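Below is the file my_file-v5.cif, which contains mmCIF, C-alpha atoms.
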data_final
#
loop_
_atom_site.group_PDB
_atom_site.id
_atom_site.type_symbol
_atom_site.label_atom_id
_atom_site.label_comp_id
_atom_site.auth_asym_id
_atom_site.auth_seq_id
_atom_site.Cartn_x
_atom_site.Cartn_y
_atom_site.Cartn_z
ATOM 1 C CA MET H 1 -13.877 23.811 16.003
ATOM 2 C CA ASN H 2 -16.459 21.713 14.205
ATOM 3 C CA MET H 3 -15.067 18.280 15.075
ATOM 4 C CA GLY H 4 -15.815 15.801 12.324
ATOM 5 C CA PHE H 5 -16.150 18.497 9.656
ATOM 6 C CA ARG H 6 -12.697 20.050 9.320
ATOM 7 C CA VAL H 7 -9.890 20.517 6.804
ATOM 8 C CA PHE H 8 -6.252 20.666 7.927
ATOM 9 C CA SER H 9 -3.047 21.333 6.040
ATOM 10 C CA VAL H 10 -0.176 18.827 5.898
ATOM 11 C CA GLU H 11 2.685 19.976 8.091
ATOM 12 C CA LYS H 12 5.289 17.380 7.101
ATOM 13 C CA LYS H 13 5.834 14.967 4.208
ATOM 14 C CA VAL H 14 8.355 12.314 3.217
ATOM 15 C CA ASP H 15 11.411 13.671 1.385
ATOM 16 C CA PRO H 16 10.765 13.530 -2.411
ATOM 17 C CA ALA H 17 14.185 11.941 -2.981
ATOM 18 C CA ILE H 18 13.218 9.059 -0.694
ATOM 19 C CA VAL H 19 9.822 8.753 -2.376
ATOM 20 C CA ASP H 20 11.527 8.299 -5.756
ATOM 21 C CA GLN H 21 13.694 5.465 -4.440
ATOM 22 C CA PHE H 22 10.680 3.624 -3.053
ATOM 23 C CA LYS H 23 9.359 3.357 -6.612
ATOM 24 C CA GLU H 24 11.902 0.568 -7.123
ATOM 25 C CA VAL H 25 11.016 -1.330 -3.930
ATOM 26 C CA VAL H 26 8.313 -4.022 -3.725
ATOM 27 C CA THR H 27 5.782 -4.049 -0.896
ATOM 28 C CA PRO H 28 6.851 -7.450 0.545
ATOM 29 C CA HIS H 29 10.352 -6.097 1.216
ATOM 30 C CA ILE H 30 8.911 -2.986 2.832
ATOM 31 C CA SER H 31 6.449 -4.953 4.941
ATOM 32 C CA ASP H 32 9.034 -7.508 6.086
ATOM 33 C CA ASN H 33 11.212 -4.707 7.389
ATOM 34 C CA MET H 34 8.369 -3.246 9.454
ATOM 35 C CA ASN H 35 7.596 -6.594 11.112
ATOM 36 C CA ARG H 36 4.609 -7.073 8.777
ATOM 37 C CA ILE H 37 2.176 -4.967 10.809
ATOM 38 C CA HIS H 38 2.009 -1.711 8.794
ATOM 39 C CA ALA H 39 0.037 -3.148 5.890
ATOM 40 C CA ALA H 40 -3.564 -2.908 4.769
ATOM 41 C CA GLY H 41 -5.818 -5.944 4.659
ATOM 42 C CA ALA H 42 -6.020 -8.053 1.538
ATOM 43 C CA GLU H 43 -9.503 -6.715 0.756
ATOM 44 C CA LEU H 44 -8.013 -3.511 -0.698
ATOM 45 C CA ARG H 45 -7.022 -4.465 -4.229
ATOM 46 C CA PRO H 46 -5.724 -2.594 -7.308
ATOM 47 C CA TYR H 47 -8.322 -1.775 -9.953
ATOM 48 C CA HIS H 48 -6.081 -0.002 -12.469
ATOM 49 C CA LYS H 49 -4.421 -1.486 -15.524
ATOM 50 C CA GLU H 50 -0.858 -1.501 -14.228
ATOM 51 C CA GLY H 51 1.672 0.598 -12.374
ATOM 52 C CA LYS H 52 2.802 1.337 -8.867
ATOM 53 C CA LEU H 53 1.320 3.703 -6.315
ATOM 54 C CA VAL H 54 3.917 5.679 -4.352
ATOM 55 C CA GLY H 55 3.497 9.031 -2.632
ATOM 56 C CA PRO H 56 2.819 11.046 0.522
ATOM 57 C CA ALA H 57 -0.664 10.628 1.964
ATOM 58 C CA VAL H 58 -3.471 13.156 1.909
ATOM 59 C CA THR H 59 -5.917 11.512 4.301
ATOM 60 C CA VAL H 60 -9.694 11.796 4.192
ATOM 61 C CA LYS H 61 -12.201 10.490 6.719
ATOM 62 C CA THR H 62 -15.732 10.634 5.422
ATOM 63 C CA ARG H 63 -19.206 9.349 6.106
ATOM 64 C CA PRO H 64 -19.852 6.096 4.183
ATOM 65 C CA GLY H 65 -21.201 6.860 0.731
ATOM 66 C CA ASP H 66 -20.340 10.575 0.786
ATOM 67 C CA ASN H 67 -17.502 12.155 -1.218
ATOM 68 C CA LEU H 68 -17.785 15.906 -0.579
ATOM 69 C CA LEU H 69 -14.513 15.961 1.335
ATOM 70 C CA VAL H 70 -12.848 13.785 -1.309
ATOM 71 C CA HIS H 71 -13.595 16.464 -3.881
ATOM 72 C CA LYS H 72 -11.973 19.031 -1.592
ATOM 73 C CA ALA H 73 -8.951 16.743 -1.139
ATOM 74 C CA ILE H 74 -8.510 16.568 -4.926
ATOM 75 C CA ASP H 75 -8.448 20.368 -5.040
ATOM 76 C CA LEU H 76 -5.893 20.527 -2.205
ATOM 77 C CA ALA H 77 -3.568 17.676 -3.183
ATOM 78 C CA GLN H 78 -0.219 18.453 -4.779
ATOM 79 C CA PRO H 79 1.312 16.504 -7.685
ATOM 80 C CA GLY H 80 2.531 13.100 -6.548
ATOM 81 C CA GLU H 81 0.424 12.998 -3.394
ATOM 82 C CA VAL H 82 -1.929 10.061 -2.837
ATOM 83 C CA ILE H 83 -5.497 10.593 -1.629
ATOM 84 C CA ILE H 84 -6.426 7.954 0.943
ATOM 85 C CA VAL H 85 -10.071 7.781 1.948
ATOM 86 C CA ASP H 86 -11.507 6.006 4.960
ATOM 87 C CA ALA H 87 -15.163 5.629 4.028
ATOM 88 C CA GLY H 88 -15.758 3.024 6.694
ATOM 89 C CA GLY H 89 -15.239 0.111 4.327
ATOM 90 C CA ASP H 90 -18.837 0.424 3.163
ATOM 91 C CA THR H 91 -19.435 -0.517 -0.482
ATOM 92 C CA THR H 92 -23.086 0.540 -0.824
ATOM 93 C CA ASN H 93 -22.176 3.740 -2.688
ATOM 94 C CA ALA H 94 -19.112 4.546 -4.764
ATOM 95 C CA ILE H 95 -16.749 7.206 -3.453
ATOM 96 C CA VAL H 96 -14.942 7.982 -6.735
ATOM 97 C CA GLY H 97 -15.582 7.413 -10.424
ATOM 98 C CA GLU H 98 -14.235 8.360 -13.823
ATOM 99 C CA ILE H 99 -14.839 12.115 -13.525
ATOM 100 C CA MET H 100 -12.831 12.347 -10.309
ATOM 101 C CA GLN H 101 -10.197 10.041 -11.768
ATOM 102 C CA ARG H 102 -9.730 12.319 -14.767
ATOM 103 C CA ILE H 103 -9.497 15.456 -12.626
ATOM 104 C CA ALA H 104 -6.960 13.850 -10.282
ATOM 105 C CA LYS H 105 -4.876 12.504 -13.150
ATOM 106 C CA LYS H 106 -4.839 15.901 -14.863
ATOM 107 C CA LYS H 107 -3.543 17.459 -11.633
ATOM 108 C CA GLY H 108 -0.741 14.904 -11.374
ATOM 109 C CA ILE H 109 -2.094 13.312 -8.192
ATOM 110 C CA GLY H 110 -0.368 10.017 -7.414
ATOM 111 C CA GLY H 111 -3.481 7.870 -7.023
ATOM 112 C CA PHE H 112 -6.440 6.882 -4.852
ATOM 113 C CA VAL H 113 -6.827 4.451 -1.980
ATOM 114 C CA ILE H 114 -10.505 3.985 -1.144
ATOM 115 C CA ASN H 115 -11.684 2.054 1.891
ATOM 116 C CA GLY H 116 -15.016 1.710 0.171
ATOM 117 C CA ALA H 117 -16.220 1.319 -3.409
ATOM 118 C CA ILE H 118 -15.486 2.860 -6.791
ATOM 119 C CA ARG H 119 -17.575 2.939 -9.951
ATOM 120 C CA ASP H 120 -16.813 3.326 -13.669
ATOM 121 C CA SER H 121 -14.423 0.462 -13.038
ATOM 122 C CA LEU H 122 -13.675 -0.047 -16.728
ATOM 123 C CA ALA H 123 -12.209 3.459 -16.888
ATOM 124 C CA PHE H 124 -9.827 2.538 -14.078
ATOM 125 C CA LYS H 125 -9.089 -0.887 -15.547
ATOM 126 C CA ASN H 126 -8.038 0.667 -18.868
ATOM 127 C CA ASP H 127 -5.821 3.327 -17.260
ATOM 128 C CA THR H 128 -2.524 3.397 -15.377
ATOM 129 C CA PHE H 129 -3.750 5.923 -12.806
ATOM 130 C CA PRO H 130 -3.374 3.919 -9.566
ATOM 131 C CA VAL H 131 -6.468 3.120 -7.539
ATOM 132 C CA PHE H 132 -6.927 0.627 -4.722
ATOM 133 C CA ALA H 133 -10.400 -0.044 -3.359
ATOM 134 C CA LYS H 134 -12.526 -2.543 -1.488
ATOM 135 C CA GLY H 135 -15.124 -3.059 -4.188
ATOM 136 C CA VAL H 136 -17.194 -1.787 -7.115
ATOM 137 C CA THR H 137 -20.796 -0.593 -7.343
ATOM 138 C CA HIS H 138 -22.867 1.395 -9.815
ATOM 139 C CA ARG H 139 -24.518 3.414 -7.029
ATOM 140 C CA GLY H 140 -23.257 6.971 -6.925
ATOM 141 C CA PRO H 141 -22.160 8.980 -3.876
ATOM 142 C CA TYR H 142 -23.769 11.779 -1.898
ATOM 143 C CA LYS H 143 -22.150 15.181 -1.388
ATOM 144 C CA ASP H 144 -23.348 16.348 1.993
ATOM 145 C CA GLY H 145 -20.476 15.677 4.412
ATOM 146 C CA PRO H 146 -19.393 15.579 7.117
ATOM 147 C CA GLY H 147 -15.768 14.516 6.975
ATOM 148 C CA GLU H 148 -12.206 15.560 7.705
ATOM 149 C CA ILE H 149 -9.046 16.031 5.661
ATOM 150 C CA ASN H 150 -5.508 15.405 6.902
ATOM 151 C CA VAL H 151 -6.319 13.634 10.138
ATOM 152 C CA PRO H 152 -5.028 10.209 11.241
ATOM 153 C CA ILE H 153 -7.095 7.366 9.767
ATOM 154 C CA SER H 154 -7.096 3.586 9.948
ATOM 155 C CA ILE H 155 -7.699 1.274 6.982
ATOM 156 C CA GLY H 156 -7.546 -2.500 7.209
ATOM 157 C CA GLY H 157 -5.407 -2.349 10.339
ATOM 158 C CA MET H 158 -3.078 0.224 8.758
ATOM 159 C CA VAL H 159 -2.800 3.534 10.637
ATOM 160 C CA ILE H 160 -2.003 6.441 8.325
ATOM 161 C CA HIS H 161 -0.973 9.957 9.301
ATOM 162 C CA PRO H 162 -1.007 12.865 6.853
ATOM 163 C CA GLY H 163 2.267 12.957 4.939
ATOM 164 C CA ASP H 164 3.160 9.291 5.571
ATOM 165 C CA LEU H 165 4.438 7.368 2.569
ATOM 166 C CA ILE H 166 2.003 5.011 0.856
ATOM 167 C CA VAL H 167 3.276 2.257 -1.432
ATOM 168 C CA GLY H 168 0.987 -0.048 -3.383
ATOM 169 C CA ASP H 169 1.608 -2.749 -5.964
ATOM 170 C CA GLU H 170 0.154 -6.109 -7.055
ATOM 171 C CA ASP H 171 0.687 -7.526 -3.557
ATOM 172 C CA GLY H 172 -1.171 -4.798 -1.689
ATOM 173 C CA LEU H 173 -0.555 -1.647 0.325
ATOM 174 C CA VAL H 174 1.890 -0.592 3.024
ATOM 175 C CA VAL H 175 2.334 2.663 4.903
ATOM 176 C CA VAL H 176 5.763 3.917 5.970
ATOM 177 C CA PRO H 177 5.776 6.517 8.773
ATOM 178 C CA ILE H 178 7.537 9.729 7.812
ATOM 179 C CA ASP H 179 10.308 9.470 10.395
ATOM 180 C CA GLU H 180 11.033 5.811 9.548
ATOM 181 C CA ALA H 181 11.088 6.092 5.763
ATOM 182 C CA GLU H 182 14.846 6.417 5.229
ATOM 183 C CA GLU H 183 15.707 3.507 7.528
ATOM 184 C CA VAL H 184 13.028 1.246 6.057
ATOM 185 C CA LEU H 185 14.230 2.098 2.553
ATOM 186 C CA LYS H 186 17.799 1.028 3.334
ATOM 187 C CA LYS H 187 16.664 -2.239 4.918
ATOM 188 C CA ALA H 188 14.334 -3.044 2.018
ATOM 189 C CA GLN H 189 17.060 -2.337 -0.529
ATOM 190 C CA LYS H 190 19.431 -4.635 1.358
ATOM 191 C CA MET H 191 16.784 -7.376 1.403
ATOM 192 C CA ALA H 192 16.360 -7.030 -2.362
ATOM 193 C CA ARG H 193 20.100 -7.483 -2.889
ATOM 194 C CA ASN H 194 20.148 -10.559 -0.649
ATOM 195 C CA GLU H 195 17.195 -12.025 -2.507
ATOM 196 C CA GLU H 196 19.007 -11.623 -5.813
ATOM 197 C CA LYS H 197 21.837 -13.731 -4.402
ATOM 198 C CA ILE H 198 19.342 -16.427 -3.432
ATOM 199 C CA PHE H 199 17.899 -16.404 -6.940
ATOM 200 C CA GLU H 200 21.407 -16.881 -8.343
ATOM 201 C CA SER H 201 22.092 -19.839 -6.045
ATOM 202 C CA ILE H 202 18.778 -21.422 -7.085
ATOM 203 C CA GLU H 203 19.759 -21.193 -10.729
ATOM 204 C CA LYS H 204 23.194 -22.661 -9.970
ATOM 205 C CA GLY H 205 21.710 -25.473 -7.912
ATOM 206 C CA THR H 206 23.670 -24.464 -4.815
ATOM 207 C CA VAL H 207 20.882 -23.168 -2.594
ATOM 208 C CA ASP H 208 21.167 -24.555 0.950
ATOM 209 C CA ARG H 209 17.912 -26.106 2.193
ATOM 210 C CA THR H 210 19.224 -27.635 5.415
ATOM 211 C CA TRP H 211 17.537 -24.860 7.399
ATOM 212 C CA VAL H 212 14.160 -26.568 6.873
ATOM 213 C CA ASP H 213 15.055 -29.759 8.782
ATOM 214 C CA ARG H 214 17.022 -27.786 11.347
ATOM 215 C CA THR H 215 14.020 -25.572 12.082
ATOM 216 C CA LEU H 216 11.656 -28.549 12.278
ATOM 217 C CA LYS H 217 13.923 -30.262 14.820
ATOM 218 C CA GLU H 218 14.299 -27.076 16.843
ATOM 219 C CA LYS H 219 10.491 -26.837 16.955
ATOM 220 C CA GLY H 220 10.236 -30.433 18.189
ATOM 221 C CA CYS H 221 9.033 -32.092 14.991
ATOM 222 C CA ASP H 222 9.902 -35.801 14.626
ATOM 223 C CA LEU H 223 11.087 -36.753 11.150
ATOM 224 C CA ILE H 224 10.015 -40.413 11.136
ATOM 225 C CA ASP H 225 11.741 -42.578 8.523
ATOM 226 C CA MET H 226 12.566 -39.424 6.618
ATOM 227 C CA PRO H 227 15.988 -38.571 5.205
ATOM 228 C CA SER H 228 17.491 -35.450 6.730
ATOM 229 C CA LEU H 229 19.546 -32.873 4.902
ATOM 230 C CA ILE H 230 21.288 -31.839 8.103
ATOM 231 C CA GLY H 231 24.872 -33.014 8.106
ATOM 232 C CA SER H 232 24.509 -34.740 4.755
ATOM 233 C CA GLY H 233 26.025 -31.928 2.779
ATOM 234 C CA GLU H 234 23.194 -32.324 0.290
ATOM 235 C CA ARG H 235 21.986 -29.186 -1.418
ATOM 236 C CA LYS H 236 18.827 -28.908 -3.439
#

As structure tokens, how would this structure be written, given the file I've shared?
Amino acid sequence: MNMGFRVFSVEKKVDPAIVDQFKEVVTPHISDNMNRIHAAGAELRPYHKEGKLVGPAVTVKTRPGDNLLVHKAIDLAQPGEVIIVDAGGDTTNAIVGEIMQRIAKKKGIGGFVINGAIRDSLAFKNDTFPVFAKGVTHRGPYKDGPGEINVPISIGGMVIHPGDLIVGDEDGLVVVPIDEAEEVLKKAQKMARNEEKIFESIEKGTVDRTWVDRTLKEKGCDLIDMPSLIGSGERK
């Protein structure tokens, strides 16, 4: 096999029914329920007008500045799948632009995640087709290879296997491993319900803030000449 210049098929993907439910879940709730270590770095930001990115991953590892294998991934990807490209984080040359965006959108692809640069940024900014990237440049890509499709990749500390679930919104990107998706979904949904209860108590003025002083004292912090909420029954 020509290691470094190969194309694989995806053997397993997240259940479509689970994918649909993740469309209603925000990334902070997902991240919190994976101990906050399955998320991409803050440098990968959304460049589209609005809308959420949710779908199984088609992974691409390519030489910085080259998009030959990204073109092949667009041809292979099924509707709803997200093309995730590790281009080494280099922003010298763009990996995708408006032409590739239009082709992918027409095919029903779920979006792009580019660990590198894009160009034609106004076309992305004015559209709801999801794209996350590290930066923008006018310099175009090369089409020489090498690269690989559907191999494990790492972006911003986030390890992604083909078929894993990718979720992206205004707060960033998280990856949910295939075998953990259902459990993470349930935990995130529960967290959302609990948060709604907190919002209600804030509006009613009944939210309990005594945990702040309690935690400070447990950590050894001295509250000098400061009123304490602990034991006072005060709620703010």

Self-check item: Using only C-alpha atoms: which of H:Pro177, H:Pro64, H:Gly111, H:Pro146 has the shortest distance to Ala39 of chain H
Solution: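 Of the candidates, the smallest distance to Ala39 of chain H is held by H:Pro177.
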
Practice problem: Tell me which protein, DNA and RNA residues are within 6 Å of segment 53-60 of chain H, counting all atoms listed in the file, leaving out same-chain ones fewer than 2 positions away, and put them as a list of chain:residue names. | Solution: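 The filter keeps H:Gly80, H:Glu81, H:Val82, H:Ile83, H:Ile84, H:Val85, H:Pro130, H:Glu148, H:Ile149, H:Asn150, H:Pro162, H:Gly163, H:Asp164, H:Leu165, H:Ile166, H:Val167, H:Gly168.
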
Quiz prompt | Selection near Ala104 of chain H, 12 Å with all atoms listed in the file, sequence-local residues under 2 positions removed, as a ChimeraX atom specification | solution = /H:70-83,96-102,106-112,129-131

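Every residue that the PyMOL selection byres ((chain H and resi 158) around 8) selects in this file is listed here: Ile37, His38, Ala39, Ala40, Gly41, Ser154, Ile155, Gly156, Gly157, Val159, Ile160, Val174 and Val175 of chain H.
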
Please, could you write that set of residues out with C-alpha atoms as a JSON list (two decimals), in the coordinates of the input?
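Generated file (out05.json):
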[["chain", "number", "residue", "atom", "x", "y", "z"],
["H", 37, "ILE", "CA", 2.18, -4.97, 10.81],
["H", 38, "HIS", "CA", 2.01, -1.71, 8.79],
["H", 39, "ALA", "CA", 0.04, -3.15, 5.89],
["H", 40, "ALA", "CA", -3.56, -2.91, 4.77],
["H", 41, "GLY", "CA", -5.82, -5.94, 4.66],
["H", 154, "SER", "CA", -7.10, 3.59, 9.95],
["H", 155, "ILE", "CA", -7.70, 1.27, 6.98],
["H", 156, "GLY", "CA", -7.55, -2.50, 7.21],
["H", 157, "GLY", "CA", -5.41, -2.35, 10.34],
["H", 159, "VAL", "CA", -2.80, 3.53, 10.64],
["H", 160, "ILE", "CA", -2.00, 6.44, 8.32],
["H", 174, "VAL", "CA", 1.89, -0.59, 3.02],
["H", 175, "VAL", "CA", 2.33, 2.66, 4.90]]

Self-check item: the PyMOL selection byres ((chain H and resi 89) around 9) applied to the shown file, residues as a ChimeraX atom specification
Solution: /H:64,86-88,90-91,114-117,134,155-156

File dump, residues just selected, C-alpha atoms, as a compact mmCIF listing (two decimals), keeping the file's coordinate frame:
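Below is the file part20.txt, written as the result:
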# COMPACT_ATOMS: atom_id res chain seq x y z
CA PRO H 64 -19.85 6.10 4.18
CA ASP H 86 -11.51 6.01 4.96
CA ALA H 87 -15.16 5.63 4.03
CA GLY H 88 -15.76 3.02 6.69
CA ASP H 90 -18.84 0.42 3.16
CA THR H 91 -19.43 -0.52 -0.48
CA ILE H 114 -10.50 3.98 -1.14
CA ASN H 115 -11.68 2.05 1.89
CA GLY H 116 -15.02 1.71 0.17
CA ALA H 117 -16.22 1.32 -3.41
CA LYS H 134 -12.53 -2.54 -1.49
CA ILE H 155 -7.70 1.27 6.98
CA GLY H 156 -7.55 -2.50 7.21

Can you tell me, as a PDB file with C-alpha atoms, keeping the file's coordinate frame, what residues are no more than 7 Å from Val136 of chain H when counting all atoms listed in the file, ignoring any on the same chain fewer than 4 positions away?
ATOM      1  CA  ALA H 117     -16.220   1.319  -3.409  1.00  0.00           C
ATOM      2  CA  ILE H 118     -15.486   2.860  -6.791  1.00  0.00           C
ATOM      3  CA  ARG H 119     -17.575   2.939  -9.951  1.00  0.00           C
ATOM      4  CA  SER H 121     -14.423   0.462 -13.038  1.00  0.00           C
TER       5      SER H 121
END
